[in-house]
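What's in entry36.tsv: TSV, C-alpha atoms
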chain	number	residue	atom	x	y	z
A	625	MET	CA	80.96	400.24	-168.09
A	626	ARG	CA	77.61	400.11	-166.30
A	627	LYS	CA	74.93	402.69	-167.08
A	628	ARG	CA	72.18	404.57	-165.28
A	629	VAL	CA	68.58	403.96	-166.38
A	630	ARG	CA	68.35	407.21	-168.33
A	631	GLU	CA	71.39	406.23	-170.34
A	632	LEU	CA	69.42	403.14	-171.33
A	633	GLY	CA	66.61	405.31	-172.71
A	634	LEU	CA	64.22	404.89	-169.78
A	635	ASN	CA	62.86	408.08	-168.21
A	636	ILE	CA	61.04	407.71	-164.90
A	637	GLY	CA	58.17	410.11	-164.27
A	638	ASN	CA	57.75	413.52	-165.84
A	639	MET	CA	59.44	415.97	-163.47
A	640	LYS	CA	62.83	417.36	-164.44
A	641	THR	CA	65.91	416.09	-162.65
A	642	GLY	CA	68.64	418.09	-160.98
A	643	PRO	CA	71.91	418.73	-162.85
A	644	ALA	CA	73.57	415.48	-161.74
A	645	ASN	CA	70.34	413.58	-161.02
A	646	GLN	CA	71.74	412.67	-157.60
A	647	ILE	CA	70.90	413.42	-153.97
A	648	THR	CA	73.80	415.87	-153.93
A	649	ASP	CA	71.83	418.17	-156.24
A	650	VAL	CA	70.38	419.37	-152.92
A	651	THR	CA	72.75	422.19	-151.98
A	652	GLY	CA	75.23	421.21	-149.28
A	653	VAL	CA	74.49	417.48	-149.27
A	654	LYS	CA	77.48	415.18	-149.74
A	655	VAL	CA	77.95	411.40	-149.82
A	656	GLY	CA	81.01	409.30	-148.96
A	657	HIS	CA	81.75	405.59	-149.24
A	658	VAL	CA	84.21	403.10	-147.80
A	659	THR	CA	84.12	399.84	-149.78
A	660	LEU	CA	85.63	396.68	-148.31
A	661	LYS	CA	86.16	393.94	-150.87
A	662	HIS	CA	88.73	391.20	-150.29
A	663	GLU	CA	89.20	387.60	-149.17
A	664	MET	CA	90.50	387.01	-145.64
A	665	ASP	CA	90.87	383.26	-146.18
A	666	LEU	CA	89.23	380.46	-148.16
A	667	ASP	CA	86.04	380.64	-146.10
A	668	THR	CA	85.88	384.35	-145.29
A	669	VAL	CA	84.85	386.69	-148.07
A	670	VAL	CA	84.47	390.42	-147.36
A	671	ARG	CA	81.91	392.26	-149.48
A	672	THR	CA	80.66	395.14	-147.38
A	673	GLY	CA	81.20	398.79	-146.51
A	674	VAL	CA	79.95	402.07	-145.13
A	675	THR	CA	78.11	405.02	-146.67
A	676	ALA	CA	77.76	408.46	-145.10
A	677	VAL	CA	75.18	411.10	-146.08
A	678	LEU	CA	76.01	414.60	-144.83
A	679	PRO	CA	73.00	416.94	-144.55
A	680	HIS	CA	74.98	420.15	-145.17
A	681	GLU	CA	78.54	421.45	-145.24
A	682	GLY	CA	78.61	422.58	-141.61
A	683	ASN	CA	78.60	420.65	-138.34
A	684	PRO	CA	75.17	418.98	-138.05
A	685	PHE	CA	75.40	418.92	-134.26
A	686	PHE	CA	75.62	422.70	-133.98
A	687	GLU	CA	73.30	423.34	-136.95
A	688	LYS	CA	70.65	420.62	-136.84
A	689	VAL	CA	68.18	420.04	-139.67
A	690	PRO	CA	64.48	419.18	-139.44
A	691	ALA	CA	63.97	415.48	-140.05
A	692	ALA	CA	61.54	412.58	-139.76
A	693	SER	CA	61.42	408.86	-140.41
A	694	PHE	CA	58.82	406.44	-141.65
A	695	VAL	CA	58.93	402.68	-141.07
A	696	LEU	CA	56.99	400.74	-143.70
A	697	ASN	CA	58.13	397.37	-142.33
A	698	GLY	CA	60.21	397.29	-139.19
A	699	TYR	CA	62.52	394.32	-139.67
A	700	GLY	CA	65.62	396.49	-139.24
A	701	LYS	CA	68.28	397.57	-136.76
A	702	THR	CA	68.57	401.34	-136.87
A	703	THR	CA	69.78	403.74	-134.19
A	704	GLY	CA	68.71	407.29	-133.44
A	705	LEU	CA	65.23	407.30	-134.96
A	706	VAL	CA	63.44	407.44	-131.60
A	707	GLN	CA	64.97	410.83	-130.83
A	708	VAL	CA	64.50	412.04	-134.41
A	709	GLU	CA	60.80	411.28	-134.02
A	710	GLU	CA	60.61	412.95	-130.61
A	711	LEU	CA	62.48	416.18	-131.40
A	712	GLY	CA	62.13	416.36	-135.16
A	713	VAL	CA	65.79	417.11	-135.91
A	714	LEU	CA	68.85	415.33	-137.28
A	715	GLU	CA	72.19	416.19	-135.68
A	716	SER	CA	74.61	413.70	-137.23
A	717	PRO	CA	75.50	412.35	-140.66
A	718	ILE	CA	73.21	409.51	-141.72
A	719	MET	CA	75.33	406.36	-141.74
A	720	LEU	CA	74.52	403.17	-143.68
A	721	THR	CA	76.24	399.81	-143.25
A	722	SER	CA	75.89	396.04	-142.77
A	723	THR	CA	73.47	394.64	-140.18
A	724	PHE	CA	76.08	393.30	-137.74
A	725	HIS	CA	78.07	396.54	-137.74
A	726	VAL	CA	75.54	399.15	-136.69
A	727	GLY	CA	77.24	399.32	-133.29
A	728	ASP	CA	80.73	399.76	-134.74
A	729	ILE	CA	79.61	402.57	-137.04
A	730	TRP	CA	77.63	404.22	-134.24
A	731	GLN	CA	80.76	404.24	-132.06
A	732	GLY	CA	82.99	405.37	-134.91
A	733	THR	CA	80.67	408.21	-135.79
A	734	LEU	CA	80.52	409.26	-132.15
A	735	ASP	CA	84.34	409.30	-132.02
A	736	TYR	CA	84.47	411.41	-135.17
A	737	MET	CA	81.83	413.88	-134.01
A	738	MET	CA	83.45	414.28	-130.58
A	739	GLU	CA	86.73	415.15	-132.30
A	740	GLN	CA	84.90	417.83	-134.27
A	741	ALA	CA	83.08	419.14	-131.19
A	742	PRO	CA	84.86	418.63	-127.82
A	743	GLU	CA	81.83	420.15	-126.09
A	744	ILE	CA	79.71	417.03	-126.76
A	745	GLY	CA	79.10	415.11	-123.53
A	746	ASP	CA	81.08	417.67	-121.51
A	747	THR	CA	79.82	421.25	-121.52
A	748	THR	CA	76.77	420.48	-123.63
A	749	SER	CA	74.37	417.63	-124.35
A	750	SER	CA	74.90	414.14	-125.71
A	751	LEU	CA	74.70	413.32	-129.42
A	752	ASN	CA	72.04	411.39	-131.32
A	753	ILE	CA	73.60	409.34	-134.12
A	754	VAL	CA	71.52	407.85	-136.93
A	755	VAL	CA	72.70	404.55	-138.41
A	756	GLY	CA	70.74	402.33	-140.80
A	757	GLU	CA	71.54	398.89	-142.19
A	758	CYS	CA	70.77	396.12	-144.62
A	759	ASN	CA	71.74	392.45	-144.43
A	760	ASP	CA	74.54	391.60	-146.90
A	761	SER	CA	75.09	388.05	-145.58
A	762	TYR	CA	74.29	386.36	-148.91
A	763	LEU	CA	77.60	387.53	-150.39
A	764	HIS	CA	79.47	388.77	-147.32
A	765	THR	CA	80.78	386.82	-144.31
A	766	VAL	CA	79.05	388.94	-141.69
A	767	ARG	CA	80.71	387.14	-138.76
A	768	ALA	CA	84.15	388.29	-139.92
A	769	ASN	CA	84.00	391.71	-138.19
A	770	ALA	CA	85.50	393.34	-141.27
A	771	ILE	CA	84.04	396.77	-140.55
A	772	GLN	CA	85.85	398.71	-137.85
A	773	LYS	CA	85.01	401.93	-136.01
A	774	HIS	CA	87.48	404.00	-138.03
A	775	HIS	CA	85.62	403.26	-141.25
A	776	ALA	CA	82.85	405.63	-140.11
A	777	GLY	CA	85.16	408.64	-140.02
A	778	GLU	CA	86.76	407.57	-143.29
A	779	ALA	CA	83.38	407.49	-145.04
A	780	ILE	CA	82.51	410.95	-143.68
A	781	ASN	CA	85.88	412.35	-144.79
A	782	MET	CA	85.37	410.84	-148.26
A	783	ALA	CA	82.07	412.68	-148.73
A	784	SER	CA	81.77	414.68	-151.94
A	785	LYS	CA	79.19	415.95	-154.42
A	786	LYS	CA	79.80	413.06	-156.84
A	787	VAL	CA	77.98	409.92	-155.74
A	788	GLU	CA	79.29	406.52	-156.79
A	789	GLU	CA	76.50	403.99	-157.34
A	790	GLY	CA	76.05	400.25	-157.44
A	791	ALA	CA	78.24	397.81	-155.50
A	792	VAL	CA	80.04	400.47	-153.48
A	793	GLY	CA	80.12	401.52	-149.84
A	794	ALA	CA	77.33	399.94	-147.82
A	795	GLY	CA	76.00	398.53	-151.10
A	796	CYS	CA	79.05	396.37	-151.85
A	797	GLY	CA	77.40	393.07	-150.85
A	798	MET	CA	73.70	393.84	-151.31
A	799	MET	CA	71.22	392.04	-153.56
A	800	CYS	CA	68.07	393.50	-155.12
A	801	TYR	CA	65.30	391.62	-156.93
A	802	GLY	CA	67.62	388.62	-157.32
A	803	TYR	CA	70.29	390.72	-159.02
A	804	LYS	CA	73.20	392.71	-157.65
A	805	GLY	CA	71.91	395.82	-155.87
A	806	GLY	CA	73.39	398.49	-153.64
A	807	ILE	CA	73.59	402.27	-153.81
A	808	GLY	CA	71.41	404.29	-156.16
A	809	THR	CA	70.42	407.93	-156.31
A	810	SER	CA	68.25	410.38	-158.23
A	811	SER	CA	66.74	413.86	-157.89
A	812	ARG	CA	63.84	416.03	-159.00
A	813	VAL	CA	63.27	419.79	-159.19
A	814	THR	CA	59.89	421.39	-158.54
A	815	GLU	CA	58.39	423.57	-161.25
A	816	MET	CA	57.43	426.11	-158.60
A	817	GLU	CA	60.35	427.79	-156.81
A	818	ASN	CA	62.91	425.25	-158.14
A	819	PHE	CA	63.26	423.31	-154.92
A	820	THR	CA	65.24	420.04	-155.16
A	821	ILE	CA	64.28	416.63	-153.80
A	822	GLY	CA	67.13	414.12	-153.78
A	823	VAL	CA	66.99	410.43	-152.88
A	824	LEU	CA	69.68	407.88	-152.07
A	825	VAL	CA	68.83	404.22	-151.52
A	826	LEU	CA	70.60	401.18	-150.15
A	827	SER	CA	68.69	398.43	-151.97
A	828	ASN	CA	68.70	394.84	-150.72
A	829	PHE	CA	65.26	393.32	-151.23
A	830	GLY	CA	62.87	391.42	-153.46
A	831	LYS	CA	62.71	388.40	-155.76
A	832	ARG	CA	63.13	388.38	-159.52
A	833	ASN	CA	59.47	387.78	-160.28
A	834	GLU	CA	58.54	391.02	-158.47
A	835	LEU	CA	60.70	393.37	-160.54
A	836	GLN	CA	58.70	395.49	-162.96
A	837	LEU	CA	59.95	397.02	-166.24
A	838	VAL	CA	62.12	394.00	-167.10
A	839	ARG	CA	61.35	390.60	-168.54
A	840	TYR	CA	61.57	387.77	-166.06
A	841	GLN	CA	64.75	385.72	-166.23
A	842	ALA	CA	64.88	382.64	-164.04
A	843	PRO	CA	67.76	382.74	-161.57
A	844	GLY	CA	70.53	380.17	-161.79
A	845	PHE	CA	70.63	379.91	-158.00
A	846	ASP	CA	68.29	379.15	-155.12
A	847	GLU	CA	66.55	382.44	-154.30
A	848	SER	CA	65.40	381.02	-150.98
A	849	GLU	CA	69.00	381.36	-149.77
A	850	VAL	CA	68.81	385.13	-150.15
A	851	PRO	CA	67.38	386.84	-147.02
A	852	ASP	CA	64.13	388.78	-147.44
A	853	GLY	CA	66.31	391.87	-147.37
A	854	SER	CA	65.69	395.53	-146.72
A	855	ILE	CA	65.93	399.02	-148.15
A	856	MET	CA	67.08	402.26	-146.60
A	857	ILE	CA	65.70	405.33	-148.38
A	858	ILE	CA	67.23	408.74	-147.64
A	859	VAL	CA	65.21	411.73	-148.86
A	860	ALA	CA	66.78	415.19	-148.83
A	861	THR	CA	65.35	418.54	-149.85
A	862	ASP	CA	66.17	422.22	-149.67
A	863	ALA	CA	62.50	423.12	-149.39
A	864	PRO	CA	61.74	424.59	-145.95
A	865	MET	CA	59.70	421.79	-144.39
A	866	THR	CA	58.93	420.93	-140.79
A	867	SER	CA	59.49	417.47	-139.33
A	868	ARG	CA	55.76	416.78	-139.61
A	869	GLN	CA	55.82	417.66	-143.31
A	870	LEU	CA	58.95	415.59	-143.82
A	871	LYS	CA	57.19	412.55	-142.42
A	872	ARG	CA	54.53	413.07	-145.07
A	873	LEU	CA	57.30	413.30	-147.68
A	874	ALA	CA	58.92	410.13	-146.32
A	875	ARG	CA	55.66	408.21	-146.67
A	876	ARG	CA	55.43	409.19	-150.34
A	877	ALA	CA	58.87	407.76	-151.04
A	878	THR	CA	57.49	404.28	-150.35
A	879	PHE	CA	55.22	404.66	-153.40
A	880	GLY	CA	58.39	404.83	-155.48
A	881	LEU	CA	59.48	401.57	-153.87
A	882	ALA	CA	56.12	399.99	-154.70
A	883	ARG	CA	56.34	401.14	-158.33
A	884	THR	CA	59.43	399.00	-158.84
A	885	GLY	CA	57.46	395.93	-157.74
A	886	SER	CA	58.34	395.28	-154.09
A	887	HIS	CA	55.93	393.11	-152.07
A	888	ILE	CA	57.45	394.24	-148.74
A	889	HIS	CA	58.32	390.80	-147.41
A	890	ASN	CA	57.86	389.76	-143.78
A	891	GLY	CA	61.60	389.91	-143.07
A	892	SER	CA	62.21	393.16	-144.94
A	893	GLY	CA	63.22	396.37	-143.20
A	894	ASP	CA	61.82	399.23	-145.30
A	895	ILE	CA	62.80	402.49	-143.63
A	896	VAL	CA	62.77	406.08	-144.88
A	897	ILE	CA	64.65	409.01	-143.35
A	898	ALA	CA	63.80	412.46	-144.70
A	899	PHE	CA	65.47	415.76	-143.89
A	900	SER	CA	65.45	419.37	-145.09
A	901	ASN	CA	68.32	421.82	-145.02
A	902	GLY	CA	66.00	424.62	-146.08
A	903	PHE	CA	66.59	425.97	-142.59
A	904	THR	CA	68.68	424.82	-139.65
A	905	VAL	CA	68.07	424.67	-135.92
A	906	SER	CA	70.89	426.10	-133.84
A	907	HIS	CA	72.17	423.99	-130.96
A	908	GLN	CA	72.82	427.17	-128.99
A	909	PHE	CA	69.89	428.45	-126.96
A	910	SER	CA	69.28	432.08	-127.87
A	911	GLY	CA	67.18	432.86	-124.81
A	912	ALA	CA	64.07	433.55	-126.85
A	913	TYR	CA	61.03	431.36	-126.25
A	914	VAL	CA	60.00	431.44	-129.93
A	915	GLU	CA	61.92	430.98	-133.14
A	916	PRO	CA	60.12	432.25	-136.24
A	917	ARG	CA	60.72	430.23	-139.40
A	918	ASN	CA	59.35	430.15	-142.90
A	919	MET	CA	57.72	426.91	-144.00
A	920	ILE	CA	55.69	425.69	-146.93
A	921	ARG	CA	51.93	425.69	-146.50
A	922	ASP	CA	50.46	422.20	-146.61
A	923	ASP	CA	47.70	423.29	-148.97
A	924	HIS	CA	49.97	425.00	-151.49
A	925	PRO	CA	50.29	423.20	-154.86
A	926	LEU	CA	54.06	423.10	-154.29
A	927	MET	CA	53.54	420.39	-151.67
A	928	ASN	CA	52.15	418.03	-154.28
A	929	GLN	CA	55.18	418.63	-156.47
A	930	LEU	CA	57.46	417.72	-153.56
A	931	PHE	CA	55.46	414.54	-152.97
A	932	GLN	CA	55.68	413.61	-156.66
A	933	GLY	CA	59.40	414.32	-156.69
A	934	ALA	CA	60.03	411.99	-153.76
A	935	ILE	CA	58.11	409.19	-155.50
A	936	GLU	CA	59.82	409.58	-158.86
A	937	ALA	CA	63.33	410.00	-157.43
A	938	THR	CA	62.93	406.94	-155.20
A	939	GLU	CA	61.81	404.76	-158.08
A	940	GLU	CA	64.68	405.91	-160.28
A	941	ALA	CA	67.24	405.62	-157.47
A	942	ILE	CA	66.29	401.96	-156.96
A	943	LEU	CA	66.60	401.25	-160.67
A	944	ASN	CA	69.98	403.02	-160.76
A	945	SER	CA	71.15	400.82	-157.88
A	946	LEU	CA	70.44	397.84	-160.14
A	947	THR	CA	71.73	399.13	-163.46
A	948	MET	CA	74.95	400.50	-161.96
A	949	ALA	CA	75.86	397.42	-159.92
A	950	GLU	CA	78.44	395.06	-161.38
A	951	THR	CA	78.47	391.28	-160.99
A	952	THR	CA	80.04	390.52	-157.62
A	953	SER	CA	81.36	387.20	-156.33
A	954	GLY	CA	80.79	386.29	-152.71
A	955	ARG	CA	81.06	383.65	-150.04
A	956	LYS	CA	80.27	379.97	-150.63
A	957	GLY	CA	80.94	380.46	-154.34
A	958	ARG	CA	77.87	382.66	-154.69
A	959	LYS	CA	77.53	385.40	-157.25
A	960	GLY	CA	75.41	388.53	-157.37
A	961	GLU	CA	74.67	388.87	-161.08
A	962	GLU	CA	74.38	392.30	-162.65
A	963	LEU	CA	71.03	393.10	-164.25
A	964	PRO	CA	71.23	392.47	-168.02
A	965	TYR	CA	70.15	395.58	-169.92
A	966	HIS	CA	68.46	393.63	-172.71
A	967	LEU	CA	65.74	392.57	-170.26
A	968	PHE	CA	64.34	396.11	-170.02
A	969	GLN	CA	60.98	396.49	-171.69
A	970	LEU	CA	61.47	399.96	-173.15
A	971	GLN	CA	58.46	401.77	-174.53
Final structure tokens representation of the file:
Amino acid sequence: MRKRVRELGLNIGNMKTGPANQITDVTGVKVGHVTLKHEMDLDTVVRTGVTAVLPHEGNPFFEKVPAASFVLNGYGKTTGLVQVEELGVLESPIMLTSTFHVGDIWQGTLDYMMEQAPEIGDTTSSLNIVVGECNDSYLHTVRANAIQKHHAGEAINMASKKVEEGAVGAGCGMMCYGYKGGIGTSSRVTEMENFTIGVLVLSNFGKRNELQLVRYQAPGFDESEVPDGSIMIIVATDAPMTSRQLKRLARRATFGLARTGSHIHNGSGDIVIAFSNGFTVSHQFSGAYVEPRNMIRDDHPLMNQLFQGAIEATEEAILNSLTMAETTSGRKGRKGEELPYHLFQLQ
């Protein structure tokens, strides 16, 4: 049975965590996975999947949430971030998958959302769908077209408050720091007002000699065969923050990435998407030309606690993605080895 970092006696940062120490500690947020793991034939090995992050329990198209993104290194194939940046809102689940299947999951999510809201594209506007990816081609045969459109709706329907971690969902075939990576999550609660910051990562980056907190163990494989990789970082909060403030929060999450040791390689896509469900933006036009909302002041000490929470939760989520991932076999006889716990340098 694999363990989270806190079960190994390692506490990251000094803020308190939410009850489950997961992104779903943010009220209304749910996460669902579809994991695809089988052999199609001797040369085709499927180790991939889909992960869905739901911003609240309602329909995100009709009740949008403020959102922003931050691209630390842009070697990635996302959809929807241009409109998120322009309008400052998220109106779909955030979908994560394998690089070659962004289009399939975009289409599948569109199909699902149109079933939920027949007005889309007919009596009202189009829909902006956010999909992010990492390259799982070291273990997974990406040319096999294993992921289909219907897997998007299945991942959304599987969403719950309990988040599976490690080699599950979109993380099934991912590598991190030369070990098996994938899905990890963590949360923090502010001392003031008890707002929650939750983070979920899809980790797929780095070489073994970069990883901090553990003793170096030489790999028994050629690390040059592993792509530079990427990471998708999803930051959620119930603090009432504007899209501009959420971009500031997203930037801070990358400090958590850096704390684990990442060098941000040339071919790495390091992308953060941050959203708040502290208030929603109605799709329906009320007729009023202003909409008053409460928001946190930038210069209030609470803002610094939110920044710190994003950093700490990101760092711990990445480590959880490593400690929870099990050894996974892959194509060409390759193996993603689980991180041995005895390598941790505990204080």
Please provide as an MDAnalysis selection string all residues within 8 Å of A:Ser953, with the sequence filter that same-chain residues fewer than 6 positions apart are discarded (counting all atoms listed in the file). chainID A and resid 763 959:960
Given the choices A:Glu849, A:Asn697, A:Gly795, A:Lys773, which gets closest to A:Ile888 if the distance is worked out from only C-alpha atoms?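 Comparing A:Glu849, A:Asn697, A:Gly795, A:Lys773 against A:Ile888, the winner is A:Asn697.
Using all atoms listed in the file for every distance, the candidate list A:Gly732, A:Gly853, A:Pro864, A:Gly698 yields A:Gly853 as the residue closest to A:Asp760.
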Compare A:Gly880, A:Gly682, A:Gly954, A:Gly806 by their minimum atom-to-atom distance to A:Thr651, counting all atoms listed in the file, and give me the closest one.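 Of A:Gly880, A:Gly682, A:Gly954, A:Gly806, the one nearest A:Thr651, counting all atoms listed in the file, is A:Gly682.
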Looking at A:Ala779, A:Glu715, A:Cys796, A:Leu963, which one is nearest to A:Glu687, with distances taken over all atoms listed in the file? A:Glu715
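Using only C-alpha atoms, the nearest neighbour of A:Ser749 within the list A:Ile855, A:Phe686, A:Gly844, A:Val838 is A:Phe686.
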To one decimal in Å, tell me the separation between atom CA of A:Asn918 and atom CA of A:Ser906.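 Between atom CA of A:Asn918 and atom CA of A:Ser906 the gap is 15.2 Å.
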Extract, using all atoms listed in the file, all DNA, RNA and protein residues at most 12 Å from A:Ala776, discarding same-chain residues fewer than 5 positions from it, and format them as a PyMOL selection string. chain A and resi 656-659+673-677+716-721+725-737+753-755+771+781-783+793-794
When you look at A:Gly893 with a cut-off of 10 Å (counting only C-alpha atoms), what residues show up, excluding the ones that are within fewer than 6 positions of it in the same chain? I need them as a PyMOL selection string. chain A and resi 695-702+756-759+828-829+852-856
Residues within 10 Å of A:Gly808, please, as a VMD selection string. Count all atoms listed in the file; anything in the same chain fewer than 2 positions from it doesn't count. chain A and resid 628 646 to 647 787 to 792 795 805 to 806 810 823 to 827 857 937 to 949
Those same residues - C-alpha atoms - I'd like them written as a compact mmCIF listing (two decimals), in the coordinates of the input.
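And here is the file that came out, part.txt:
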# COMPACT_ATOMS: atom_id res chain seq x y z
CA ARG A 628 72.18 404.57 -165.28
CA GLN A 646 71.74 412.67 -157.60
CA ILE A 647 70.90 413.42 -153.97
CA VAL A 787 77.98 409.92 -155.74
CA GLU A 788 79.29 406.52 -156.79
CA GLU A 789 76.50 403.99 -157.34
CA GLY A 790 76.05 400.25 -157.44
CA ALA A 791 78.24 397.81 -155.50
CA VAL A 792 80.04 400.47 -153.48
CA GLY A 795 76.00 398.53 -151.10
CA GLY A 805 71.91 395.82 -155.87
CA GLY A 806 73.39 398.49 -153.64
CA SER A 810 68.25 410.38 -158.23
CA VAL A 823 66.99 410.43 -152.88
CA LEU A 824 69.68 407.88 -152.07
CA VAL A 825 68.83 404.22 -151.52
CA LEU A 826 70.60 401.18 -150.15
CA SER A 827 68.69 398.43 -151.97
CA ILE A 857 65.70 405.33 -148.38
CA ALA A 937 63.33 410.00 -157.43
CA THR A 938 62.93 406.94 -155.20
CA GLU A 939 61.81 404.76 -158.08
CA GLU A 940 64.68 405.91 -160.28
CA ALA A 941 67.24 405.62 -157.47
CA ILE A 942 66.29 401.96 -156.96
CA LEU A 943 66.60 401.25 -160.67
CA ASN A 944 69.98 403.02 -160.76
CA SER A 945 71.15 400.82 -157.88
CA LEU A 946 70.44 397.84 -160.14
CA THR A 947 71.73 399.13 -163.46
CA MET A 948 74.95 400.50 -161.96
CA ALA A 949 75.86 397.42 -159.92
Hey, what's within 8 Å of A:Lys871 if we count all atoms listed in the file and toss same-chain stuff fewer than 4 positions away? As a list in words, please?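 With the cut-off at 8 Å, the set is Ala691, Ala692, Ser693, Phe694, Ser867, Arg875 and Ala898 of chain A.
Closest approach to A:Gly957 from the set A:Val669, A:Leu870, A:Ile897, A:Cys800 is made by A:Val669, with distances taken over all atoms listed in the file.
Atom CA of A:Val713 is found 14.7 Å from atom CA of A:Glu915.
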Please indicate the distance in Å from atom CA of A:Lys785 to atom CA of A:Gly652, rounded to one decimal place.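 Atom CA of A:Gly652 lies at a distance of 8.4 Å from atom CA of A:Lys785.
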